[in-house]
Protein chains: 2
Amino acid sequence: MQPIMSKDVVERLSRYRSVLLRLKSLGFVRVFSDNLADALGVSASLVRKDLGLHGIHGVKRGGYNIETLVERLTEVLGVSGMLKIVVIGCGHIGSALLRTYGGKRYGINAVAGFDINAQIINPMAAIPILDVHELATYVATQAIDVAVLCVPEDAAATVMEQVRTSRIRGVLNFTAAHLRSDAHCLVQPLDIRMEIEKLFCLVEMSARRERAETAPEGRERGNDDR
Amino acid sequence: MQPIMSKDVVERLSRYRSVLLRLKSLGFVRVFSDNLADALGVSASLVRKDLGLHGIHGVKRGGYNIETLVERLTEVLGVSGMLKIVVIGCGHIGSALLRTYGGKRYGINAVAGFDINAQIINPMAAIPILDVHELATYVATQAIDVAVLCVPEDAAATVMEQVRTSRIRGVLNFTAAHLRSDAHCLVQPLDIRMEIEKLFCLVEMSARRERAETAPEGRERGNDDR
DNA sequence: TAGATTGTTAATCGATTAACAATC
DNA sequence: TAGATTGTTAATCGATTAACAATC
């Protein structure tokens, strides 16, 4: 009933769901595989396969009911209810995430921050900021499964050791450090610097391609790119 | 000489480079395809192919020279020098990015922020925060190619229209809005909420799998997951 | 020389799409 | 009914890996 999903499939199901929530809020009731395919830039076959493989079926000629489709996707993805997270490292990015997701918005609830800087530790705040040493205890009592890691790169490995001894099962790693997943804890990298770099690279490449297309067909140095 | 790269290839080349910079800083001089393969979790064949396809060659038995490898990758990726960006939308996340990347750290230089809120506009600050209406003029005179979009989701489409009329060629989209790339401007999504959601989903799935493995072999409801 | 690593081809693998019968 | 859309199979495509000759 629950086939093992690749990251790509999780990504697509999550995007289907996001698109469907929008359609629903616009008052739409039904959707066709074609519509979802257009929205994601994939083929309609793939949409139907993605859904069918998870036991989600439409009706021939009538498409899919958005309401039930969202329900089923939420179930399959396991993202019903508030997703509770803690933020480890309350610097610029960490604090921003606490403020953004501290308000139970977007289905996510950042319930606490952790840091080593005594100056910013404040257990009495609406969203408490605690000492990292209390992490294991806190996540155990509060049943937290997922943490967002925003500490300085140098500190990442050490902090990650502490995370591994806790009940945390998933880490979104905002640091540039290479942290490995293990059987107990899944680490997902999200390196903003690298994303910016990749973007520059893709932009530069598309510029090169344009130049190549605009340029006359004549052979030039290094034109043997085949 | 410059084959068209898929996003996956760009991602890998960028990661090779990042790993190599670390090795270099540790005093390493040579690296084998095996090493890079281990670091990224791919095969050594793929590493050699990735490099070879871009005219980067090692020596049999001697591996690759890290120094020249980094140079060549930097060149191929087009990420030499400071990468100048502007940040559009200076809320929690936007401000955090300005502060993090405003200091020419990490090879990235956030040179200005843009917002519509008159209260936070401050053209005299070290990193000026300007009115969004000045965006086109600013990026034209300062030769900015890439922007990071951190406005509220509702505002994203409108702001993106303004971005499209500017010289901006690449946008890192932190909003949840679905913004399309076009021939002129490449939009790269980075939806933190969705990343957190995906992480929860992957964690949940790995938990399910464990339960399935631990559980006795006996047939149960929904055990026909094949 | 013997051993190790690259460069490159052929094989494999998985993901995606095309196509079409089933059917609403 | 005719037309449209699903569900599903077979075909395609691209990416990755295995394997090995070349060679340092």
# chains A, B, ... in the order shown; residues from 1 in each chain; ligands from 1
$ residues_around --residues "segment 9-19 of chain C" --least-positions-apart "2" --cutoff "12 Å" --atoms "only C-alpha atoms (C1' of nucleotides)" --output "PyMOL selection string"
(chain A and resi 6+8-9+42-50) or (chain B and resi 45+49) or (chain C and resi 7+21) or (chain D and resi 8-21)
$ write_last_selection --atoms "C-alpha atoms (C1' of nucleotides)" --output "compact mmCIF listing (two decimals), in the first residue's frame"
# COMPACT_ATOMS: atom_id res chain seq x y z
CA SER A 6 12.15 8.27 -4.14
CA ASP A 8 11.63 12.93 -6.64
CA VAL A 9 8.27 11.31 -6.07
CA VAL A 42 5.64 16.81 -16.51
CA SER A 43 3.50 14.47 -18.59
CA ALA A 44 -0.06 13.56 -17.71
CA SER A 45 0.99 9.90 -17.73
CA LEU A 46 3.39 10.57 -14.91
CA VAL A 47 0.74 12.32 -12.85
CA ARG A 48 -1.65 9.39 -13.25
CA LYS A 49 1.11 6.93 -12.44
CA ASP A 50 2.24 8.86 -9.36
CA SER B 45 32.85 6.34 -12.97
CA LYS B 49 32.70 11.23 -16.57
C1' DG C 7 39.32 7.37 -19.67
C1' DA C 21 -7.95 -0.03 -24.70
C1' DT D 8 -1.72 0.55 -17.70
C1' DT D 9 1.46 -1.52 -20.82
C1' DA D 10 5.23 -1.20 -23.81
C1' DA D 11 8.67 1.87 -25.70
C1' DT D 12 11.83 5.42 -25.01
C1' DC D 13 14.98 8.07 -22.99
C1' DG D 14 18.65 9.53 -20.12
C1' DA D 15 21.48 8.86 -16.34
C1' DT D 16 24.42 5.85 -13.90
C1' DT D 17 27.44 2.05 -13.30
C1' DA D 18 30.43 -1.90 -14.42
C1' DA D 19 34.24 -3.28 -16.64
C1' DC D 20 38.48 -3.12 -18.73
C1' DA D 21 42.15 -1.55 -21.80
$ closest_atom_pairs --of "chain B" --to "chain A" --cutoff "8 Å" --atoms "only C-alpha atoms" --output "JSON lines"
{"residue": "B:Met1", "atom": "CA", "partner": "A:Asp225", "partner_atom": "CA", "distance": 4.8}
{"residue": "B:Gln2", "atom": "CA", "partner": "A:Asp225", "partner_atom": "CA", "distance": 6.2}
{"residue": "B:Pro3", "atom": "CA", "partner": "A:Asp225", "partner_atom": "CA", "distance": 6.1}
{"residue": "B:Ile4", "atom": "CA", "partner": "A:Met205", "partner_atom": "CA", "distance": 7.7}
{"residue": "B:Lys7", "atom": "CA", "partner": "A:Leu202", "partner_atom": "CA", "distance": 8.0}
{"residue": "B:Val10", "atom": "CA", "partner": "A:Lys198", "partner_atom": "CA", "distance": 6.6}
{"residue": "B:Glu11", "atom": "CA", "partner": "A:Lys198", "partner_atom": "CA", "distance": 6.8}
{"residue": "B:Ser14", "atom": "CA", "partner": "A:Lys198", "partner_atom": "CA", "distance": 7.2}
{"residue": "B:Leu77", "atom": "CA", "partner": "A:Cys201", "partner_atom": "CA", "distance": 5.2}
{"residue": "B:Gly78", "atom": "CA", "partner": "A:Cys201", "partner_atom": "CA", "distance": 5.7}
{"residue": "B:Val79", "atom": "CA", "partner": "A:Cys201", "partner_atom": "CA", "distance": 6.7}
{"residue": "B:Leu83", "atom": "CA", "partner": "A:Phe200", "partner_atom": "CA", "distance": 7.7}
{"residue": "B:His92", "atom": "CA", "partner": "A:Ala96", "partner_atom": "CA", "distance": 4.7}
{"residue": "B:Ile93", "atom": "CA", "partner": "A:Ala96", "partner_atom": "CA", "distance": 5.3}
{"residue": "B:Ala96", "atom": "CA", "partner": "A:His92", "partner_atom": "CA", "distance": 4.7}
{"residue": "B:Leu97", "atom": "CA", "partner": "A:Ile93", "partner_atom": "CA", "distance": 7.1}
{"residue": "B:Arg99", "atom": "CA", "partner": "A:His92", "partner_atom": "CA", "distance": 7.0}
{"residue": "B:Thr100", "atom": "CA", "partner": "A:His92", "partner_atom": "CA", "distance": 6.8}
{"residue": "B:Tyr106", "atom": "CA", "partner": "A:Arg193", "partner_atom": "CA", "distance": 7.2}
{"residue": "B:Ile108", "atom": "CA", "partner": "A:Arg193", "partner_atom": "CA", "distance": 7.6}
{"residue": "B:Val146", "atom": "CA", "partner": "A:Phe200", "partner_atom": "CA", "distance": 7.1}
{"residue": "B:Arg169", "atom": "CA", "partner": "A:Val203", "partner_atom": "CA", "distance": 6.4}
{"residue": "B:Gly170", "atom": "CA", "partner": "A:Val203", "partner_atom": "CA", "distance": 6.0}
{"residue": "B:Val171", "atom": "CA", "partner": "A:Leu199", "partner_atom": "CA", "distance": 7.7}
{"residue": "B:Leu172", "atom": "CA", "partner": "A:Ile196", "partner_atom": "CA", "distance": 7.1}
{"residue": "B:Leu186", "atom": "CA", "partner": "A:Val203", "partner_atom": "CA", "distance": 6.8}
{"residue": "B:Gln188", "atom": "CA", "partner": "A:Leu199", "partner_atom": "CA", "distance": 7.1}
{"residue": "B:Arg193", "atom": "CA", "partner": "A:Tyr106", "partner_atom": "CA", "distance": 7.2}
{"residue": "B:Met194", "atom": "CA", "partner": "A:Ser14", "partner_atom": "CA", "distance": 7.3}
{"residue": "B:Glu195", "atom": "CA", "partner": "A:Leu172", "partner_atom": "CA", "distance": 7.9}
{"residue": "B:Ile196", "atom": "CA", "partner": "A:Leu172", "partner_atom": "CA", "distance": 7.1}
{"residue": "B:Glu197", "atom": "CA", "partner": "A:Val79", "partner_atom": "CA", "distance": 6.7}
{"residue": "B:Lys198", "atom": "CA", "partner": "A:Val10", "partner_atom": "CA", "distance": 6.6}
{"residue": "B:Leu199", "atom": "CA", "partner": "A:Gly170", "partner_atom": "CA", "distance": 6.6}
{"residue": "B:Phe200", "atom": "CA", "partner": "A:Val79", "partner_atom": "CA", "distance": 7.0}
{"residue": "B:Cys201", "atom": "CA", "partner": "A:Leu77", "partner_atom": "CA", "distance": 5.2}
{"residue": "B:Leu202", "atom": "CA", "partner": "A:Val10", "partner_atom": "CA", "distance": 7.9}
{"residue": "B:Val203", "atom": "CA", "partner": "A:Gly170", "partner_atom": "CA", "distance": 6.0}
{"residue": "B:Glu204", "atom": "CA", "partner": "A:Gly78", "partner_atom": "CA", "distance": 6.6}
{"residue": "B:Met205", "atom": "CA", "partner": "A:Ile4", "partner_atom": "CA", "distance": 7.7}
{"residue": "B:Gly222", "atom": "CA", "partner": "A:Met1", "partner_atom": "CA", "distance": 5.7}
{"residue": "B:Asn223", "atom": "CA", "partner": "A:Met1", "partner_atom": "CA", "distance": 7.1}
{"residue": "B:Asp224", "atom": "CA", "partner": "A:Met1", "partner_atom": "CA", "distance": 6.5}
{"residue": "B:Asp225", "atom": "CA", "partner": "A:Met1", "partner_atom": "CA", "distance": 4.9}
{"residue": "B:Arg226", "atom": "CA", "partner": "A:Pro3", "partner_atom": "CA", "distance": 6.9}
$ write_last_selection --atoms "N, CA and C atoms" --output "short mmCIF file (atom, residue, chain, number, x, y, z; two decimals), in the first residue's frame"
data_model
loop_
_atom_site.label_atom_id
_atom_site.label_comp_id
_atom_site.auth_asym_id
_atom_site.auth_seq_id
_atom_site.Cartn_x
_atom_site.Cartn_y
_atom_site.Cartn_z
N MET B 1 32.96 22.56 -26.12
CA MET B 1 33.76 22.74 -24.90
C MET B 1 32.86 22.88 -23.67
N GLN B 2 31.71 23.55 -23.87
CA GLN B 2 30.77 23.69 -22.76
C GLN B 2 29.50 22.91 -23.06
N PRO B 3 29.49 21.63 -22.71
CA PRO B 3 28.26 20.89 -22.95
C PRO B 3 27.13 21.49 -22.12
N ILE B 4 25.91 21.32 -22.60
CA ILE B 4 24.76 21.78 -21.82
C ILE B 4 24.62 20.90 -20.60
N LYS B 7 20.56 20.20 -14.40
CA LYS B 7 20.65 20.70 -13.04
C LYS B 7 21.42 19.74 -12.14
N VAL B 10 25.15 20.28 -12.65
CA VAL B 10 25.56 21.52 -11.99
C VAL B 10 25.68 21.29 -10.49
N GLU B 11 24.67 20.64 -9.95
CA GLU B 11 24.67 20.33 -8.52
C GLU B 11 25.90 19.53 -8.13
N SER B 14 29.17 21.51 -8.43
CA SER B 14 29.23 22.47 -7.34
C SER B 14 29.64 21.78 -6.04
N LEU B 77 31.82 26.40 -13.92
CA LEU B 77 30.58 26.81 -13.26
C LEU B 77 30.34 28.31 -13.41
N GLY B 78 31.37 29.03 -13.77
CA GLY B 78 31.22 30.47 -13.93
C GLY B 78 30.98 31.19 -12.61
N VAL B 79 31.65 30.73 -11.54
CA VAL B 79 31.42 31.33 -10.23
C VAL B 79 32.68 31.95 -9.66
N LEU B 83 29.89 37.01 -6.20
CA LEU B 83 28.59 36.91 -6.85
C LEU B 83 27.67 37.97 -6.23
N HIS B 92 11.58 38.88 7.72
CA HIS B 92 12.47 38.07 8.56
C HIS B 92 13.57 37.41 7.74
N ILE B 93 13.15 36.63 6.76
CA ILE B 93 14.13 35.87 5.99
C ILE B 93 15.01 36.79 5.15
N ALA B 96 17.59 38.52 7.19
CA ALA B 96 18.61 37.56 7.62
C ALA B 96 19.60 37.29 6.49
N LEU B 97 19.10 37.17 5.28
CA LEU B 97 20.00 36.92 4.14
C LEU B 97 20.88 38.13 3.90
N ARG B 99 21.93 40.25 6.10
CA ARG B 99 22.96 40.28 7.14
C ARG B 99 24.01 39.19 6.92
N THR B 100 23.52 38.01 6.52
CA THR B 100 24.46 36.89 6.34
C THR B 100 25.38 37.10 5.15
N TYR B 106 31.65 34.08 1.99
CA TYR B 106 31.21 32.93 1.21
C TYR B 106 31.19 33.19 -0.30
N ILE B 108 29.80 35.52 -1.81
CA ILE B 108 28.56 36.17 -2.23
C ILE B 108 28.49 37.55 -1.60
N VAL B 146 21.29 38.68 -10.50
CA VAL B 146 20.55 37.70 -9.71
C VAL B 146 19.90 38.36 -8.49
N ARG B 169 18.38 38.26 -14.41
CA ARG B 169 18.31 37.05 -15.24
C ARG B 169 18.05 35.80 -14.43
N GLY B 170 18.15 35.93 -13.11
CA GLY B 170 17.94 34.75 -12.27
C GLY B 170 17.34 35.14 -10.94
N VAL B 171 16.36 34.35 -10.48
CA VAL B 171 15.69 34.64 -9.22
C VAL B 171 15.66 33.39 -8.35
N LEU B 172 16.12 33.54 -7.12
CA LEU B 172 15.97 32.46 -6.16
C LEU B 172 14.69 32.76 -5.38
N LEU B 186 15.41 33.15 -15.23
CA LEU B 186 15.34 31.81 -14.70
C LEU B 186 14.93 31.85 -13.23
N GLN B 188 14.34 29.86 -9.78
CA GLN B 188 14.71 28.64 -9.07
C GLN B 188 13.95 28.63 -7.75
N ARG B 193 9.16 25.90 3.52
CA ARG B 193 8.05 25.15 4.08
C ARG B 193 7.95 23.77 3.42
N MET B 194 8.08 23.76 2.10
CA MET B 194 7.98 22.47 1.43
C MET B 194 9.15 21.57 1.78
N GLU B 195 10.32 22.14 1.96
CA GLU B 195 11.47 21.32 2.34
C GLU B 195 11.24 20.67 3.70
N ILE B 196 10.65 21.44 4.61
CA ILE B 196 10.34 20.87 5.93
C ILE B 196 9.30 19.76 5.79
N GLU B 197 8.31 20.02 4.98
CA GLU B 197 7.27 19.02 4.74
C GLU B 197 7.87 17.74 4.16
N LYS B 198 8.72 17.90 3.17
CA LYS B 198 9.35 16.74 2.54
C LYS B 198 10.16 15.96 3.56
N LEU B 199 10.85 16.70 4.42
CA LEU B 199 11.65 16.03 5.44
C LEU B 199 10.77 15.20 6.37
N PHE B 200 9.66 15.78 6.81
CA PHE B 200 8.73 15.02 7.65
C PHE B 200 8.28 13.76 6.94
N CYS B 201 7.97 13.90 5.68
CA CYS B 201 7.49 12.77 4.91
C CYS B 201 8.54 11.68 4.83
N LEU B 202 9.78 12.06 4.55
CA LEU B 202 10.85 11.07 4.43
C LEU B 202 11.12 10.39 5.77
N VAL B 203 11.04 11.17 6.85
CA VAL B 203 11.23 10.62 8.19
C VAL B 203 10.12 9.61 8.50
N GLU B 204 8.92 10.03 8.20
CA GLU B 204 7.76 9.17 8.44
C GLU B 204 7.88 7.86 7.66
N MET B 205 8.32 7.97 6.41
CA MET B 205 8.46 6.78 5.59
C MET B 205 9.51 5.84 6.13
N GLY B 222 -2.90 -4.63 4.54
CA GLY B 222 -2.06 -3.70 3.80
C GLY B 222 -0.60 -4.10 3.77
N ASN B 223 -0.35 -5.37 3.89
CA ASN B 223 1.04 -5.81 3.90
C ASN B 223 1.53 -6.17 2.50
N ASP B 224 0.67 -5.99 1.52
CA ASP B 224 1.01 -6.37 0.15
C ASP B 224 1.71 -5.24 -0.59
N ASP B 225 2.69 -4.64 0.08
CA ASP B 225 3.36 -3.51 -0.55
C ASP B 225 4.43 -3.95 -1.55
N ARG B 226 4.00 -4.37 -2.66
CA ARG B 226 4.92 -4.74 -3.73
C ARG B 226 4.45 -4.11 -5.01
#
$ interface_residues --of "chain D" --to "chain A" --cutoff "8 Å" --atoms "only C-alpha atoms (C1' of nucleotides)" --output "PyMOL selection string"
chain D and resi 4-7
$ atom_distance --atom1 "atom CA of Thr165 of chain B" --atom2 "atom CA of Leu135 of chain B"
9.8 Å
$ residues_around --residues "Val132 of chain B" --least-positions-apart "5" --cutoff "6 Å" --atoms "only C-alpha atoms (C1' of nucleotides)" --output "list in words"
Phe114, Asp115 and Ile116 of chain B
$ write_last_selection --atoms "C-alpha atoms" --output "mmCIF file, in the first residue's frame"
data_model
loop_
_atom_site.group_PDB
_atom_site.id
_atom_site.type_symbol
_atom_site.label_atom_id
_atom_site.label_comp_id
_atom_site.auth_asym_id
_atom_site.auth_seq_id
_atom_site.Cartn_x
_atom_site.Cartn_y
_atom_site.Cartn_z
ATOM 1 C CA PHE B 114 14.343 46.266 -1.655
ATOM 2 C CA ASP B 115 10.995 46.673 0.057
ATOM 3 C CA ILE B 116 7.755 48.623 -0.148
#
$ atom_distance --atom1 "atom CA of Ala126 of chain B" --atom2 "atom CA of Thr175 of chain B"
25.9 Å
$ atom_distance --atom1 "atom CA of Glu67 of chain A" --atom2 "atom CA of Val29 of chain A"
7.1 Å
$ select_by_dssp --residues "chain A" --states "helix (DSSP H, G or I)" --output "number ranges by chain"
A: 7-25, 33-40, 44-52, 66-77, 92-101, 105-107, 132-142, 153-164, 192-214
$ select_by_dssp --residues "segment 121-201 of chain A" --states "strand (DSSP E)" --output "PyMOL selection string"
chain A and resi 129-131+146-149+170-173+186-189
$ write_last_selection --atoms "N, CA and C atoms" --output "PDB file, in the first residue's frame"
ATOM      1  N   ILE A 129      13.981  30.165  23.915  1.00  0.00           N
ATOM      2  CA  ILE A 129      15.299  29.844  23.376  1.00  0.00           C
ATOM      3  C   ILE A 129      16.095  29.231  24.510  1.00  0.00           C
ATOM      4  N   LEU A 130      16.475  27.967  24.321  1.00  0.00           N
ATOM      5  CA  LEU A 130      17.086  27.197  25.393  1.00  0.00           C
ATOM      6  C   LEU A 130      18.537  26.889  25.091  1.00  0.00           C
ATOM      7  N   ASP A 131      19.234  26.451  26.112  1.00  0.00           N
ATOM      8  CA  ASP A 131      20.617  26.022  25.928  1.00  0.00           C
ATOM      9  C   ASP A 131      20.639  24.706  25.160  1.00  0.00           C
ATOM     10  N   VAL A 146      11.797  16.529  14.320  1.00  0.00           N
ATOM     11  CA  VAL A 146      12.545  17.206  13.258  1.00  0.00           C
ATOM     12  C   VAL A 146      13.165  18.504  13.777  1.00  0.00           C
ATOM     13  N   ALA A 147      14.411  18.739  13.385  1.00  0.00           N
ATOM     14  CA  ALA A 147      15.104  19.969  13.759  1.00  0.00           C
ATOM     15  C   ALA A 147      15.660  20.651  12.520  1.00  0.00           C
ATOM     16  N   VAL A 148      15.756  21.970  12.605  1.00  0.00           N
ATOM     17  CA  VAL A 148      16.394  22.746  11.549  1.00  0.00           C
ATOM     18  C   VAL A 148      17.709  23.243  12.118  1.00  0.00           C
ATOM     19  N   LEU A 149      18.782  22.979  11.391  1.00  0.00           N
ATOM     20  CA  LEU A 149      20.111  23.290  11.911  1.00  0.00           C
ATOM     21  C   LEU A 149      20.667  24.540  11.248  1.00  0.00           C
ATOM     22  N   GLY A 170      15.032  13.668  11.934  1.00  0.00           N
ATOM     23  CA  GLY A 170      15.262  14.358  10.672  1.00  0.00           C
ATOM     24  C   GLY A 170      15.839  15.742  10.906  1.00  0.00           C
ATOM     25  N   VAL A 171      16.823  16.119  10.097  1.00  0.00           N
ATOM     26  CA  VAL A 171      17.467  17.426  10.250  1.00  0.00           C
ATOM     27  C   VAL A 171      17.502  18.129   8.903  1.00  0.00           C
ATOM     28  N   LEU A 172      17.014  19.357   8.877  1.00  0.00           N
ATOM     29  CA  LEU A 172      17.171  20.193   7.691  1.00  0.00           C
ATOM     30  C   LEU A 172      18.418  21.030   7.923  1.00  0.00           C
ATOM     31  N   ASN A 173      19.449  20.749   7.148  1.00  0.00           N
ATOM     32  CA  ASN A 173      20.774  21.303   7.407  1.00  0.00           C
ATOM     33  C   ASN A 173      21.048  22.559   6.593  1.00  0.00           C
ATOM     34  N   LEU A 186      17.882  11.282   9.491  1.00  0.00           N
ATOM     35  CA  LEU A 186      17.959  11.644   8.086  1.00  0.00           C
ATOM     36  C   LEU A 186      18.345  13.117   7.963  1.00  0.00           C
ATOM     37  N   VAL A 187      19.433  13.382   7.296  1.00  0.00           N
ATOM     38  CA  VAL A 187      19.885  14.762   7.136  1.00  0.00           C
ATOM     39  C   VAL A 187      19.621  15.227   5.709  1.00  0.00           C
ATOM     40  N   GLN A 188      18.911  16.320   5.592  1.00  0.00           N
ATOM     41  CA  GLN A 188      18.560  16.883   4.283  1.00  0.00           C
ATOM     42  C   GLN A 188      19.296  18.200   4.135  1.00  0.00           C
ATOM     43  N   PRO A 189      20.188  18.323   3.161  1.00  0.00           N
ATOM     44  CA  PRO A 189      20.928  19.575   3.035  1.00  0.00           C
ATOM     45  C   PRO A 189      20.091  20.679   2.403  1.00  0.00           C
TER      46      PRO A 189
END
